[in-house]
Amino acid sequence: MAEWSSNLLYVSFMMYLIATLFFGGSIRQKNTTETNQQKWGLIGIVLTLIGFAAQLGYFFLRWGAAGHAPVSNLFEFTTFFGMMLVGAFIILYFMYKTTILGVIALPFALLVIAYASMFPKDISPLIPALQSDWLKIHVTTVSAGEAILSISFVAGLIYLLKSVQHTKGSKQSFWLETVMYSLVVVLGFVVASTAFTLGNYEANFQYVDQEGAEAISEYTLPALVGPNEGQLLTDNVMEPLVVMPALINAKKLNTVIWSFLIGTGIYLLLRLIFRKRIAAKLQPLVKNVNLDLMDEIGYRSVLIGFPVFTLGGLIFAMIWAQIAWTRFWGWDPKEVWALITFLFYAAFLHLRLSKGWHGEKSAWLAVIGVAIILFNLVAVNLIIAGLHSYA
């Protein structure tokens, strides 16, 4: 059953990839009629629906094989997040019938799923802290809320790709290109992990964890940073350049560093090939975009996603924390970052409604908001040790 679920996830990935090409084709064709554009868009959304159905099949098959909701580790949670992102896009596509959303939303979902696939995929029993019905209630609503909020990023990015001018090297152009670079860094993680996995790289360290106990850490990438009081147990592999304190998850920080190194290399290669900024290269794709429509989609995504995230990320989380740890709040890194996310989007809505921050200002807020979400997903999960480190 687990093998079938993996195959379905692969099918969904391929369907999303092909659908992206059709959505892109619908806006790239020169001198094409609106009917032809609609045909390309129709094929794209049909393929997306097939991929989404396959991913739903993966989700429920894995649930049956595991005996619990498959959202208990980084692979499962991030894959579910990607599925919810596609689901949110499908709903908005049928509301607005705009294919340009698929050109950005589906590659973003593909990047999320590819990122997830680099983590261990084995089904393992739940640790005691996760053996609760609140697992599926809390985690699924958090993921759904973040996915809906991510659509505001998609709409905001499209808005900025059209509205920001690159000819004068403005601050807006610099920061938009920084967003492009950040997405390429995630691709760098996928490339680095895949390359060393195919090379069967492995290095084991014996170290002292945050509790003062001895433990074993298995590295799948060469150790640029090593664990606290770590002793390398594997012969003929790279010694770490720096040793981290117990507070830092050295193995995961090592992965982040490799992602930046490889991602930066890929980015520089793309700049060399395109001979211009990536954002400037993508700008012709959005030349016919209705900016008011993108602004509306971004705003509505926050209006819907914010209460869903608040329910899952704060209210349900506090209830479960009281049950599991006998306190509603403990300043764990994930809890703090959930609060930061809540406060940011509350400020977003306040500025939008009371200060009139529409258009480009609202688009920048949407991009910053998803940067906060991704920092939580990547940096907080991978680097900082805490009660949520099992994720």
# chains A, B, ... in the order shown; residues from 1 in each chain; ligands from 1
call {"tool": "residues_around", "arguments": {"residues": "stretch 314-319 of chain A", "least_positions_apart": "5", "cutoff": "8 Å", "atoms": "only C-alpha atoms", "output": "list in words"}}
result
Trp134, Ile137, His138, Phe309, Arg327, Phe328, Trp329, Ala338 and Leu339 of chain A
call {"tool": "select_by_dssp", "arguments": {"residues": "stretch 39-265 of chain A", "states": "strand (DSSP E or B)", "output": "CSV table (one decimal) with N, CA, C and O atoms, in the first residue's frame"}}
result
chain,number,residue,atom,x,y,z
A,203,ALA,N,27.7,9.8,6.5
A,203,ALA,CA,28.7,10.0,7.5
A,203,ALA,C,28.0,10.0,8.8
A,203,ALA,O,27.0,10.7,9.0
A,204,ASN,N,28.5,9.2,9.8
A,204,ASN,CA,27.8,9.1,11.1
A,204,ASN,C,28.7,9.8,12.2
A,204,ASN,O,29.9,9.6,12.2
A,205,PHE,N,28.0,10.5,13.0
A,205,PHE,CA,28.6,11.2,14.2
A,205,PHE,C,28.0,10.7,15.5
A,205,PHE,O,26.8,10.5,15.6
A,206,GLN,N,28.9,10.5,16.5
A,206,GLN,CA,28.4,10.3,17.8
A,206,GLN,C,28.5,11.7,18.5
A,206,GLN,O,29.6,12.4,18.4
A,207,TYR,N,27.5,12.2,19.2
A,207,TYR,CA,27.5,13.5,19.7
A,207,TYR,C,26.7,13.6,21.0
A,207,TYR,O,26.0,12.6,21.4
A,208,VAL,N,26.7,14.7,21.7
A,208,VAL,CA,25.9,15.0,22.9
A,208,VAL,C,24.8,15.9,22.6
A,208,VAL,O,25.0,17.0,22.1
A,214,GLU,N,24.2,10.9,24.9
A,214,GLU,CA,24.9,10.6,23.7
A,214,GLU,C,23.9,10.1,22.7
A,214,GLU,O,23.0,9.4,23.0
A,215,ALA,N,24.1,10.5,21.4
A,215,ALA,CA,23.3,10.1,20.3
A,215,ALA,C,24.1,10.0,19.0
A,215,ALA,O,25.2,10.3,19.0
A,216,ILE,N,23.4,9.4,18.0
A,216,ILE,CA,24.1,9.2,16.7
A,216,ILE,C,23.3,10.0,15.7
A,216,ILE,O,22.1,10.0,15.6
A,217,SER,N,24.1,10.7,14.9
A,217,SER,CA,23.5,11.5,13.8
A,217,SER,C,24.1,11.1,12.5
A,217,SER,O,25.3,10.9,12.3
A,218,GLU,N,23.2,10.8,11.5
A,218,GLU,CA,23.6,10.3,10.2
A,218,GLU,C,23.5,11.4,9.2
A,218,GLU,O,22.4,11.9,8.9
A,219,TYR,N,24.6,11.8,8.6
A,219,TYR,CA,24.6,12.9,7.6
A,219,TYR,C,24.6,12.3,6.2
A,219,TYR,O,25.2,11.3,5.9
A,225,VAL,N,29.3,21.7,8.9
A,225,VAL,CA,29.1,22.0,10.4
A,225,VAL,C,28.8,20.6,11.1
A,225,VAL,O,28.0,19.8,10.6
A,226,GLY,N,29.4,20.4,12.2
A,226,GLY,CA,29.2,19.2,13.0
A,226,GLY,C,28.4,19.3,14.2
A,226,GLY,O,28.2,20.5,14.7
A,231,GLN,N,31.9,13.2,17.4
A,231,GLN,CA,33.0,12.4,17.0
A,231,GLN,C,32.6,11.6,15.7
A,231,GLN,O,31.7,10.9,15.7
A,232,LEU,N,33.4,11.8,14.6
A,232,LEU,CA,33.1,11.2,13.4
A,232,LEU,C,33.4,9.7,13.4
A,232,LEU,O,34.5,9.3,13.8
A,242,VAL,N,33.2,23.4,11.3
A,242,VAL,CA,32.8,24.1,12.5
A,242,VAL,C,31.9,23.2,13.3
A,242,VAL,O,31.1,22.4,12.7
A,243,VAL,N,31.9,23.3,14.6
A,243,VAL,CA,31.1,22.5,15.5
A,243,VAL,C,30.0,23.4,16.1
A,243,VAL,O,30.3,24.5,16.6
A,248,ILE,N,21.6,24.1,18.4
A,248,ILE,CA,21.4,24.1,17.0
A,248,ILE,C,21.4,22.6,16.4
A,248,ILE,O,22.3,21.8,16.8
call {"tool": "residues_around", "arguments": {"residues": "stretch 283-288 of chain A", "least_positions_apart": "5", "cutoff": "8 Å", "atoms": "only C-alpha atoms", "output": "PDB file with C-alpha atoms, in the first residue's frame"}}
result
ATOM      1  CA  ILE A  27      -0.392  32.864 -22.365  1.00  0.00           C
ATOM      2  CA  ARG A  28       2.714  32.568 -24.554  1.00  0.00           C
ATOM      3  CA  ILE A 100      -1.595  32.898 -15.204  1.00  0.00           C
ATOM      4  CA  ILE A 158       2.448  38.109 -10.532  1.00  0.00           C
ATOM      5  CA  LEU A 161       6.491  40.854 -12.001  1.00  0.00           C
ATOM      6  CA  LYS A 162       4.350  43.137 -14.153  1.00  0.00           C
TER       7      LYS A 162
END
call {"tool": "residues_around", "arguments": {"residues": "A:Ser362", "least_positions_apart": "4", "cutoff": "12 Å", "atoms": "only C-alpha atoms", "output": "PyMOL selection string"}}
result
chain A and resi 152-153+155-157+159-160+291-292+294-300+302+345+347-353+355-358+366-369
call {"tool": "closest_residue", "arguments": {"among": "A:Ile304, A:Val164, A:Val191, A:Asn228", "to": "A:Ala88", "atoms": "only C-alpha atoms"}}
result
A:Ile304
call {"tool": "closest_residue", "arguments": {"among": "A:Ser193, A:Thr20, A:Thr255, A:Thr220", "to": "A:Leu101", "atoms": "only C-alpha atoms"}}
result
A:Thr20
call {"tool": "atom_distance", "arguments": {"atom1": "atom CA of A:Ala279", "atom2": "atom CA of A:Thr264"}}
result
15.7 Å
call {"tool": "closest_residue", "arguments": {"among": "A:Gly44, A:Gly188, A:Pro120, A:Gly359", "to": "A:Leu268", "atoms": "only C-alpha atoms"}}
result
A:Gly188
call {"tool": "residues_around", "arguments": {"residues": "A:Ile266", "least_positions_apart": "6", "cutoff": "12 Å", "atoms": "only C-alpha atoms", "output": "PyMOL selection string"}}
result
chain A and resi 180-192+259-260+272-273+278
call {"tool": "atom_distance", "arguments": {"atom1": "atom CA of A:Gly41", "atom2": "atom CA of A:Phe23"}}
result
5.5 Å
call {"tool": "residues_around", "arguments": {"residues": "A:Phe52", "least_positions_apart": "2", "cutoff": "9 Å", "atoms": "only C-alpha atoms", "output": "PyMOL selection string"}}
result
chain A and resi 12+15-16+47-50+54-57+83+86-87
call {"tool": "closest_residue", "arguments": {"among": "A:Ala114, A:Val103, A:Val142, A:Ile90", "to": "A:Gly305", "atoms": "only C-alpha atoms"}}
result
A:Val142
